[in-house]
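Engineer: query-v6.cif is reproduced below (mmCIF, C-alpha atoms).
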data_target
loop_
_atom_site.label_atom_id
_atom_site.label_comp_id
_atom_site.auth_asym_id
_atom_site.auth_seq_id
_atom_site.Cartn_x
_atom_site.Cartn_y
_atom_site.Cartn_z
CA MET E 1 8.26 87.87 189.21
CA PRO E 2 11.24 85.61 190.15
CA VAL E 3 10.20 83.23 187.37
CA LYS E 4 10.20 86.04 184.82
CA LYS E 5 13.57 87.26 186.07
CA THR E 6 15.02 83.74 185.82
CA PHE E 7 13.66 83.38 182.28
CA LEU E 8 15.21 86.67 181.22
CA LEU E 9 18.56 85.72 182.72
CA ASN E 10 18.52 82.35 180.94
CA LEU E 11 17.59 84.04 177.67
CA LEU E 12 20.45 86.52 178.14
CA PHE E 13 22.96 83.70 178.71
CA LEU E 14 21.69 81.94 175.59
CA LEU E 15 21.92 85.01 173.39
CA LEU E 16 25.16 86.41 174.80
CA PRO E 17 27.52 83.90 173.05
CA ALA E 18 25.78 84.47 169.73
CA PHE E 19 26.01 88.24 170.21
CA ILE E 20 29.70 88.03 171.10
CA PHE E 21 30.42 85.77 168.11
CA ALA E 22 28.51 88.03 165.74
CA HIS E 23 30.31 91.09 167.08
CA PHE E 24 33.69 89.40 166.88
CA HIS E 25 32.98 88.25 163.32
CA VAL E 26 32.08 91.76 162.15
CA VAL E 27 35.12 93.33 163.82
CA SER E 28 37.60 90.73 162.58
CA ASP E 29 36.08 90.82 159.11
CA SER E 30 36.35 94.56 158.85
CA VAL E 31 40.07 94.69 159.67
CA CYS E 32 41.07 91.85 157.37
CA PHE E 33 42.51 94.12 154.67
CA LYS E 34 44.21 92.87 151.55
CA VAL E 35 47.26 95.06 152.10
CA PRO E 36 49.54 92.07 152.90
CA SER E 37 48.57 90.20 149.73
CA PHE E 38 49.06 93.33 147.62
CA GLN E 39 52.42 93.80 149.33
CA CYS E 40 53.40 90.29 148.18
CA GLU E 41 52.35 91.19 144.64
CA LEU E 42 54.50 94.31 144.78
CA ASP E 43 57.44 92.32 146.11
CA SER E 44 57.13 89.90 143.20
CA LEU E 45 57.32 92.86 140.85
CA VAL E 46 60.95 93.48 141.79
CA ASN E 47 61.89 89.92 142.83
CA GLY E 48 61.38 87.60 139.91
CA ASN E 49 58.55 89.08 137.86
CA PRO E 50 58.77 88.36 134.09
CA PHE E 51 59.14 92.10 133.56
CA LEU E 52 62.52 92.13 135.34
CA SER E 53 64.30 91.60 132.03
CA SER E 54 62.68 94.83 130.81
CA PHE E 55 64.52 96.76 133.53
CA HIS E 56 67.99 95.36 132.80
CA LYS E 57 68.82 97.54 129.80
CA TYR E 58 68.49 100.67 131.97
CA GLU E 59 69.75 99.13 135.18
CA SER E 60 72.22 101.92 135.96
CA GLU E 61 69.57 104.63 135.44
CA ASN E 62 67.07 102.74 137.60
CA ARG E 63 69.68 102.30 140.35
CA LYS E 64 70.07 106.07 140.41
CA ILE E 65 66.30 106.39 140.81
CA LEU E 66 66.43 103.94 143.73
CA ALA E 67 69.32 105.81 145.33
CA SER E 68 67.33 109.05 145.23
CA LEU E 69 64.30 107.63 147.09
CA ARG E 70 63.63 109.31 150.41
CA SER E 71 60.75 107.14 151.67
CA GLY E 72 62.02 107.03 155.27
CA ASN E 73 61.72 110.81 155.61
CA ILE E 74 58.22 111.13 154.14
CA VAL E 75 55.31 112.09 156.37
CA LEU E 76 51.82 111.53 154.98
CA ASN E 77 49.66 114.54 155.80
CA ASP E 78 46.02 113.45 155.88
CA SER E 79 44.51 116.85 155.15
CA ILE E 80 46.82 117.48 152.19
CA ILE E 81 46.18 114.02 150.71
CA ARG E 82 42.42 114.39 151.22
CA ASN E 83 42.42 117.73 149.37
CA GLN E 84 44.58 116.33 146.57
CA ILE E 85 42.23 113.37 146.10
CA CYS E 86 39.31 115.79 145.88
CA GLU E 87 41.19 117.85 143.28
CA MET E 88 41.70 114.77 141.09
CA ASN E 89 38.01 115.00 140.06
CA SER E 90 37.71 111.27 139.52
CA VAL E 91 34.34 109.77 138.58
CA VAL E 92 35.07 107.05 141.16
CA HIS E 93 34.18 108.36 144.62
CA VAL E 94 35.99 106.54 147.42
CA ASP E 95 36.57 109.00 150.24
CA TYR E 96 39.97 109.09 151.87
CA ASN E 97 40.18 107.13 155.14
CA ASP E 98 42.54 104.79 156.99
CA THR E 99 42.03 101.97 154.48
CA VAL E 100 43.04 104.11 151.51
CA LYS E 101 45.89 105.54 153.59
CA GLN E 102 47.28 102.04 154.22
CA TYR E 103 47.66 101.49 150.48
CA ILE E 104 49.15 104.94 149.90
CA ASP E 105 51.58 104.31 152.76
CA LEU E 106 52.51 100.94 151.25
CA LEU E 107 53.16 102.44 147.83
CA ILE E 108 55.03 105.55 148.96
CA ARG E 109 56.86 104.62 152.17
CA LYS E 110 57.07 100.83 152.49
CA ARG E 111 57.57 99.68 148.89
CA PRO E 112 58.79 102.73 146.93
CA GLU E 113 61.01 100.60 144.65
CA ALA E 114 58.01 98.48 143.63
CA SER E 115 55.99 101.65 143.06
CA CYS E 116 58.68 102.93 140.68
CA ALA E 117 58.43 99.65 138.76
CA LEU E 118 54.62 99.84 138.78
CA LEU E 119 54.73 103.43 137.51
CA GLY E 120 57.07 102.35 134.71
CA LEU E 121 54.67 99.59 133.67
CA SER E 122 51.72 101.99 133.88
CA ASP E 123 53.50 104.42 131.56
CA HIS E 124 53.66 101.59 129.02
CA TYR E 125 50.23 99.96 129.38
CA VAL E 126 47.81 102.68 130.52
CA PRO E 127 48.05 104.75 127.28
CA MET E 128 47.03 101.65 125.29
CA PHE E 129 44.12 101.01 127.66
CA LYS E 130 43.07 104.66 127.51
CA GLN E 131 43.00 104.57 123.73
CA ILE E 132 40.48 101.71 123.80
CA PHE E 133 38.48 103.30 126.63
CA ALA E 134 38.28 106.57 124.71
CA LYS E 135 36.72 104.66 121.81
CA TYR E 136 33.96 103.50 124.16
CA GLN E 137 33.69 106.96 125.79
CA LEU E 138 34.68 105.65 129.21
CA PRO E 139 36.41 107.65 131.98
CA LEU E 140 40.12 107.28 131.30
CA GLU E 141 41.16 106.84 134.94
CA LEU E 142 39.47 103.42 134.91
CA ALA E 143 42.43 102.24 132.83
CA TYR E 144 44.51 102.03 136.04
CA LEU E 145 42.54 99.07 137.42
CA PRO E 146 45.08 96.41 136.24
CA SER E 147 47.73 98.20 138.35
CA PHE E 148 46.17 96.47 141.34
CA ALA E 149 44.10 93.68 139.83
CA SER E 150 46.93 91.90 137.98
CA ILE E 151 49.97 94.21 138.16
CA TYR E 152 49.92 93.93 134.36
CA ASN E 153 50.67 90.21 134.50
CA PRO E 154 48.37 88.36 132.05
CA ASN E 155 48.95 85.08 133.91
CA SER E 156 47.79 86.48 137.24
CA THR E 157 44.93 84.38 138.64
CA SER E 158 42.50 84.82 141.56
CA GLY E 159 41.08 82.14 143.82
CA ASN E 160 37.79 82.17 141.89
CA GLY E 161 39.56 81.49 138.59
CA ALA E 162 39.48 85.09 137.35
CA THR E 163 42.56 85.72 135.23
CA GLY E 164 44.22 88.02 132.73
CA TYR E 165 45.06 91.72 132.78
CA TRP E 166 41.54 92.59 133.98
CA LYS E 167 40.96 89.51 136.18
CA MET E 168 37.83 88.36 134.37
CA THR E 169 35.94 85.25 135.39
CA TYR E 170 35.17 82.52 132.88
CA LEU E 171 31.48 83.48 132.69
CA THR E 172 32.20 87.17 132.13
CA GLY E 173 34.74 86.35 129.42
CA LYS E 174 32.26 84.09 127.62
CA LEU E 175 29.52 86.71 127.99
CA PHE E 176 31.65 89.10 125.95
CA ASN E 177 32.61 86.50 123.35
CA LEU E 178 36.17 85.83 124.48
CA GLU E 179 37.48 82.45 123.42
CA ILE E 180 38.28 80.34 126.48
CA ASN E 181 39.10 76.67 126.06
CA SER E 182 41.92 74.17 126.54
CA MET E 183 44.01 75.84 123.81
CA VAL E 184 43.22 79.56 123.99
CA ASP E 185 42.30 82.03 126.72
CA GLU E 186 41.64 85.49 125.32
CA ARG E 187 41.30 86.94 128.81
CA LYS E 188 45.12 87.01 128.63
CA ASP E 189 45.16 88.79 125.27
CA LEU E 190 46.04 92.46 125.77
CA ILE E 191 43.68 93.88 123.14
CA CYS E 192 40.80 91.39 123.26
CA SER E 193 40.55 91.48 127.05
CA THR E 194 40.66 95.29 127.19
CA GLU E 195 37.93 95.56 124.54
CA ALA E 196 35.79 93.15 126.58
CA ALA E 197 36.54 95.05 129.82
CA ALA E 198 35.48 98.34 128.21
CA ARG E 199 32.21 96.86 126.96
CA TYR E 200 31.51 95.28 130.35
CA MET E 201 32.13 98.56 132.20
CA LYS E 202 29.84 100.41 129.83
CA GLU E 203 27.04 97.90 130.43
CA LEU E 204 27.52 98.12 134.19
CA TYR E 205 27.30 101.91 134.07
CA SER E 206 24.03 101.69 132.13
CA LEU E 207 22.80 99.43 134.94
CA TYR E 208 23.82 101.64 137.91
CA ASN E 209 24.29 105.10 136.35
CA ASP E 210 27.20 105.55 138.79
CA TRP E 211 30.86 104.81 138.03
CA THR E 212 31.77 103.89 141.60
CA LEU E 213 29.05 101.23 141.66
CA ALA E 214 29.91 100.15 138.11
CA LEU E 215 33.58 99.63 138.99
CA THR E 216 32.61 97.85 142.22
CA ALA E 217 30.37 95.54 140.18
CA PHE E 218 33.16 94.97 137.66
CA VAL E 219 35.37 93.71 140.46
CA SER E 220 32.84 91.92 142.64
CA GLY E 221 29.92 91.18 140.30
CA PRO E 222 26.47 92.84 140.06
CA VAL E 223 24.88 90.18 142.27
CA ASN E 224 27.21 90.99 145.16
CA VAL E 225 26.76 94.73 144.71
CA ASN E 226 22.96 94.44 144.67
CA LYS E 227 23.11 92.25 147.78
CA ALA E 228 25.34 94.80 149.53
CA ILE E 229 22.92 97.63 148.67
CA ARG E 230 20.04 95.66 150.22
CA ARG E 231 22.05 94.92 153.36
CA ALA E 232 23.07 98.59 153.61
CA ASN E 233 19.35 99.54 153.65
CA GLY E 234 19.48 101.02 150.17
CA LYS E 235 22.58 103.16 150.70
CA LYS E 236 24.84 103.28 147.65
CA ASP E 237 27.97 105.11 148.76
CA PHE E 238 31.02 102.86 148.73
CA TRP E 239 31.86 102.87 152.45
CA SER E 240 28.28 101.95 153.34
CA LEU E 241 28.56 98.94 151.03
CA TYR E 242 32.12 98.07 152.09
CA PRO E 243 31.30 95.76 155.08
CA PHE E 244 28.85 93.78 152.95
CA LEU E 245 31.09 93.16 149.93
CA PRO E 246 33.02 89.87 149.62
CA LEU E 247 36.18 90.04 151.69
CA ALA E 248 38.35 89.11 148.70
CA ASP E 249 37.06 92.04 146.63
CA ARG E 250 36.28 94.92 148.95
CA ASP E 251 39.75 96.50 148.91
CA TYR E 252 40.08 96.74 145.13
CA LEU E 253 38.63 100.26 145.02
CA PRO E 254 40.62 101.65 147.99
CA ALA E 255 43.77 100.27 146.34
CA PHE E 256 42.61 101.69 143.01
CA MET E 257 42.25 105.14 144.59
CA ALA E 258 45.73 104.84 146.14
CA ILE E 259 47.29 103.87 142.82
CA THR E 260 45.59 106.66 140.86
CA TYR E 261 46.66 109.10 143.59
CA VAL E 262 50.29 107.94 143.43
CA ALA E 263 50.19 108.07 139.62
CA GLU E 264 49.07 111.71 139.87
CA TYR E 265 51.26 112.94 142.73
CA HIS E 266 54.27 110.58 142.84
CA ARG E 267 56.71 113.41 142.06
CA ASP E 268 55.69 115.15 145.31
CA PHE E 269 57.15 112.18 147.18
CA GLY E 270 60.33 111.79 145.12
CA LEU E 271 59.10 108.75 143.18
CA ARG E 272 59.98 108.37 139.51
CA PRO E 273 58.94 105.61 137.06
CA PHE E 274 61.59 103.04 136.28
CA ILE E 275 62.79 103.08 132.69
CA LEU E 276 61.73 99.91 130.90
CA ASP E 277 62.96 98.41 127.68
CA PHE E 278 59.65 98.25 125.84
CA SER E 279 61.16 99.93 122.81
CA MET E 280 60.81 96.83 120.62
CA ASP E 281 58.32 97.36 117.81
CA VAL E 282 55.66 94.68 117.65
CA ASP E 283 53.85 93.54 114.54
CA THR E 284 50.79 91.31 114.24
CA ILE E 285 50.36 88.44 111.80
CA HIS E 286 47.04 86.74 111.07
CA ILE E 287 47.33 82.96 111.03
CA SER E 288 44.67 80.67 109.61
CA ARG E 289 46.58 77.37 109.85
CA ARG E 290 47.71 75.33 112.82
CA LEU E 291 51.13 76.52 113.95
CA HIS E 292 53.43 75.58 116.83
CA PHE E 293 55.61 78.13 118.62
CA GLN E 294 58.61 75.88 117.98
CA GLN E 295 58.14 76.35 114.23
CA ILE E 296 58.12 80.12 114.70
CA SER E 297 61.21 80.00 116.91
CA ASN E 298 63.10 77.76 114.46
CA ALA E 299 62.36 80.07 111.56
CA THR E 300 62.85 83.48 113.18
CA GLY E 301 65.33 82.85 116.00
CA VAL E 302 62.95 84.40 118.55
CA SER E 303 63.13 82.39 121.77
CA LEU E 304 60.14 80.33 122.88
CA GLN E 305 59.86 82.36 126.08
CA GLU E 306 59.75 85.63 124.18
CA ILE E 307 57.03 84.28 121.90
CA ARG E 308 55.08 83.15 124.97
CA ASN E 309 55.46 86.56 126.61
CA MET E 310 54.10 88.30 123.53
CA ASN E 311 51.28 85.77 123.03
CA PRO E 312 50.13 84.67 126.52
CA GLN E 313 46.64 83.75 125.30
CA TYR E 314 47.88 80.49 123.71
CA LYS E 315 48.00 77.96 126.53
CA ARG E 316 49.90 75.10 124.82
CA ASP E 317 52.32 76.97 122.55
CA ILE E 318 50.03 76.30 119.59
CA LEU E 319 47.85 78.51 117.40
CA PRO E 320 44.96 76.11 116.71
CA SER E 321 43.60 77.94 113.65
CA GLN E 322 41.80 75.64 111.16
CA ARG E 323 38.38 77.12 111.96
CA LYS E 324 39.25 80.81 112.53
CA VAL E 325 42.01 83.38 112.12
CA TYR E 326 44.33 83.91 115.09
CA VAL E 327 46.67 86.78 115.83
CA LEU E 328 50.39 86.19 116.34
CA ARG E 329 52.54 88.99 117.79
CA LEU E 330 56.25 89.12 116.99
CA PRO E 331 59.01 91.75 116.94
CA THR E 332 58.68 93.72 113.69
CA ASN E 333 61.90 92.41 112.11
CA SER E 334 60.99 88.82 113.02
CA ALA E 335 57.47 89.29 111.67
CA LEU E 336 58.92 90.40 108.33
CA GLN E 337 61.19 87.36 108.33
CA PHE E 338 58.23 85.12 109.16
CA ARG E 339 56.21 86.48 106.22
CA GLN E 340 59.10 85.89 103.84
CA MET E 341 59.47 82.28 105.05
CA SER E 342 55.79 81.47 105.70
CA ASP E 343 55.46 78.92 102.89
CA SER E 344 58.46 76.90 104.05
CA ILE E 345 57.42 77.23 107.72
CA PHE E 346 54.03 75.65 107.12
CA ARG E 347 55.49 73.12 104.69
CA ASN E 348 58.15 71.94 107.13
CA ASN E 349 55.94 71.07 110.06
CA VAL E 350 57.53 70.26 113.39
CA THR E 351 57.97 66.51 113.64
CA GLU E 352 55.77 64.46 115.94
CA ASP E 353 58.78 63.68 118.13
CA ALA E 354 59.51 67.37 118.57
CA LEU E 355 55.89 68.10 119.50
CA THR E 356 55.92 65.23 121.99
CA ALA E 357 59.11 66.56 123.53
CA LYS E 358 57.53 69.99 123.73
CA GLN E 359 54.45 68.63 125.48
CA ASN E 360 56.66 66.82 127.99
CA ASP E 361 58.53 70.05 128.55
CA LEU E 362 55.20 71.76 129.31
CA LEU E 363 54.36 69.01 131.80
CA PHE E 364 57.76 69.37 133.43
CA HIS E 365 57.30 73.14 133.53
CA SER E 366 54.05 72.71 135.47
CA GLY E 367 55.67 70.35 137.96
CA VAL E 368 54.34 67.08 136.47
CA SER E 369 56.89 64.62 135.16
CA GLY E 370 56.00 62.50 132.16
CA PRO E 371 57.87 59.25 131.62
CA SER E 372 59.44 60.23 128.32
CA SER E 373 60.64 63.57 129.68
CA THR E 374 62.22 61.84 132.68
CA LYS E 375 64.02 59.42 130.41
CA SER E 376 65.31 62.16 128.14
CA ARG E 377 66.66 64.09 131.13
CA GLN E 378 68.36 61.02 132.51
CA ASN E 379 70.04 60.24 129.21
CA SER E 380 71.10 63.82 128.59
CA ASN E 381 74.82 64.44 128.73
CA SER E 382 74.42 68.19 128.57
CA GLY E 383 72.87 68.58 132.02
CA ALA E 384 69.47 68.77 133.68
CA CYS E 385 66.68 71.29 133.51
CA TYR E 386 65.43 72.00 137.02
CA ILE E 387 62.10 73.75 137.65
CA VAL E 388 62.14 75.92 140.77
CA ARG E 389 59.56 74.81 143.31
CA ASN E 390 58.07 76.46 146.37
CA GLY E 391 60.68 76.72 149.14
CA ASP E 392 63.68 76.35 146.83
CA ASN E 393 66.71 78.61 146.88
CA LEU E 394 70.02 78.52 145.04
CA GLY E 395 71.74 76.96 148.05
CA SER E 396 69.35 74.01 148.30
CA ILE E 397 69.38 73.42 144.52
CA SER E 398 73.17 73.57 144.22
CA GLY E 399 73.47 71.21 147.21
CA LYS E 400 71.12 68.73 145.59
CA TYR E 401 73.32 68.51 142.50
CA HIS E 402 76.65 68.86 144.39
CA VAL E 403 77.63 72.07 142.62
CA THR E 404 78.26 75.60 143.84
CA VAL E 405 75.83 78.51 143.86
CA ASP E 406 78.23 80.46 141.62
CA ASP E 407 78.12 77.59 139.10
CA VAL E 408 74.32 77.72 138.93
CA LYS E 409 74.36 81.49 138.56
CA ALA E 410 76.98 81.31 135.79
CA TRP E 411 75.13 78.57 133.84
CA ASN E 412 71.89 80.58 133.95
CA HIS E 413 73.33 84.12 133.62
CA LEU E 414 71.84 85.15 136.98
CA ARG E 415 72.87 88.51 138.39
CA SER E 416 71.55 87.82 141.88
CA ASN E 417 70.42 84.94 144.10
CA THR E 418 66.76 85.68 143.37
CA ILE E 419 64.76 82.85 141.78
CA VAL E 420 61.01 82.33 141.42
CA VAL E 421 58.68 79.36 141.40
CA GLY E 422 58.39 77.91 137.89
CA GLN E 423 61.71 79.30 136.70
CA LYS E 424 63.86 76.89 134.66
CA LEU E 425 67.48 76.41 135.68
CA LEU E 426 70.08 74.61 133.61
CA ILE E 427 72.26 72.40 135.82
CA HIS E 428 75.47 70.60 134.82
CA PRO E 429 75.97 68.13 137.69
CA PRO E 430 79.27 66.24 138.09
CA PRO E 431 79.25 62.70 136.60
CA ALA E 432 78.99 61.04 140.02
CA SER E 433 76.03 63.18 140.97
CA ARG E 434 74.34 62.48 137.63
CA LYS E 435 74.82 58.75 138.16
CA GLU E 436 73.31 58.96 141.63
CA GLY E 437 70.34 60.80 140.20
CA ASN E 438 69.80 58.04 137.64
CA GLN E 439 69.98 55.32 140.27
CA LYS E 440 67.36 57.11 142.32
#
In structure tokens, how does this file's structure come out?

Structural biologist:
Amino acid sequence: MPVKKTFLLNLLFLLLPAFIFAHFHVVSDSVCFKVPSFQCELDSLVNGNPFLSSFHKYESENRKILASLRSGNIVLNDSIIRNQICEMNSVVHVDYNDTVKQYIDLLIRKRPEASCALLGLSDHYVPMFKQIFAKYQLPLELAYLPSFASIYNPNSTSGNGATGYWKMTYLTGKLFNLEINSMVDERKDLICSTEAAARYMKELYSLYNDWTLALTAFVSGPVNVNKAIRRANGKKDFWSLYPFLPLADRDYLPAFMAITYVAEYHRDFGLRPFILDFSMDVDTIHISRRLHFQQISNATGVSLQEIRNMNPQYKRDILPSQRKVYVLRLPTNSALQFRQMSDSIFRNNVTEDALTAKQNDLLFHSGVSGPSSTKSRQNSNSGACYIVRNGDNLGSISGKYHVTVDDVKAWNHLRSNTIVVGQKLLIHPPPASRKEGNQK
């Protein structure tokens, strides 16, 4: 008997650490929400996002919207919110709980200004997505997924390489015939990617016959969903699968429910969409010959950055063409001008030197300095082009070049001290400072 008791005690001591570790792992895993990362995304929406320029035209109106926010006085009533979510009659069933509440709280109380910006972007993009989804007879509320997945930023990228408005992986994009190579990535094309997303969702629904599972599989992949169903002993409701989904993906649907809820009931909480300047008419041109963005800019006067913003699928500022027809999007007036000048545009190709300079500029933009670009910057008398890096601020940059913060803001038409990684700043350092830079 003592021997048996000793054996059992030894076995208990051996298994106890494993049990504690397993328990700790499950508990820590289950509370590791993605709210902080989504909060960072929301912060970027009002602090340096490319869309900021779209808000400037109506800045005074949007400031009035901000002034009217009453987020500090809002109390979230669980029973009211639960009933409202039930009344939404969504095909995606994610019951209201503390996880969903965290995202609603973030959108309504903690980051109301970012929510107003997000609502403004949704007013612009969601109708276009719904039009395509209606063609494929899909539930229209699914069109809100990019509100969380990418915040409507085509250059948004996940750790697994998923990118574009719908955060598609390389394999999924290729499966639905999107062109993805060193020159083009159609996952970033507004229309092509949405068409592919609609087709993918429809196939996933035919596989699961349930929109909650289909949307979960769209985000996490069918393999992960099937694995979660097995680990949940065949249960298929979302919260049963939740602990078994990849940590990076499991909060997409709770955030999706929060965003669709806020889109439906934002007026109850005093939130209003920001007014954006998306009034510019856009026209499409079909190009079947190789064309550089610089040629388009030279002929039409549209800035390179504006052309990039309207055509994010072209990775090197070039429409490769030759073997297929590519779509170029331009403001309507500029598109008309382009058509009138198309013969001369293609006849007067950008010189090899200009293309080389452009490639060096792309390297510099990505934080890699090529020798020729360094030389050209050193020899430039008009100033330097500085690319904002992680940890930079206007104070550190102005100190580096021995100029004032107000100088940097004036040279770059900045209205605030906010800058973002990758942003280009024109600097006109004093002669002594420029000389020191060359000697270094």

Engineer: Please write as a VMD selection string the full residue list that the PyMOL selection byres ((chain E and resi 236) around 12) yields on this file.

Structural biologist: chain E and resid 93 to 94 208 to 214 216 225 to 235 237 to 242 244

Engineer: Apply the PyMOL selection byres ((chain E and resi 178) around 12) to the displayed file and report the matching residues as a ChimeraX atom specification.

Structural biologist: /E:164,168-177,179-181,184-197,199,313

Engineer: Report as an MDAnalysis selection string the residues that result from applying the PyMOL selection byres ((chain E and resi 101) around 12) to the structure here.

Structural biologist: chainID E and resid 33 35 75:79 81:82 85 94:100 102:109 251 254:259 261:262

Engineer: When you count all atoms listed in the file, which of these residues is closest to Val420 in chain E: E:Pro154, E:Gly399, E:Gly391, E:Gly270?

Structural biologist: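 Residue with the minimum atom-to-atom distance to Val420 in chain E: E:Gly391.
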
Engineer: My list of candidates is E:Gln131, E:Thr260, E:Asn153, E:Gln84. Which is closest to Ser115 in chain E when distances are computed with only C-alpha atoms?

Structural biologist: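 Going through E:Gln131, E:Thr260, E:Asn153, E:Gln84 one by one, the smallest distance to Ser115 in chain E is for E:Thr260.
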
Engineer: Neighbouring residues of Pro331 in chain E were defined as those with any atom within 9 Å, considering all atoms listed in the file; residues of the same chain fewer than 6 positions away were excluded. Please report them as JSON, numbers by chain.

Structural biologist: {"E": [280, 281, 282, 283, 284, 302, 310]}

Engineer: Using only C-alpha atoms, pick whichever of E:His124, E:Lys409, E:Arg272, E:Arg339 has the shortest atom-to-atom distance to Gly395 in chain E.

Structural biologist: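 Among the listed residues, the smallest separation from Gly395 in chain E belongs to E:Lys409.
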
Engineer: As an exercise, work out the distance from CA of Gln337 in chain E to CA of Gln295 in chain E in Å and give it to one decimal place.

Structural biologist: 12.9 Å

Engineer: What gap, in Å, lies between CA of Ile151 in chain E and CA of Tyr165 in chain E?

Structural biologist: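 Computing the Euclidean distance for CA of Ile151 in chain E and CA of Tyr165 in chain E yields 7.7 Å.
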
Engineer: Write out as a PyMOL selection string the residues lying within 8 Å of Ala114 in chain E, counting all atoms listed in the file and excluding same-chain residues fewer than 5 positions away.

Structural biologist: chain E and resi 42-43+45-46+107
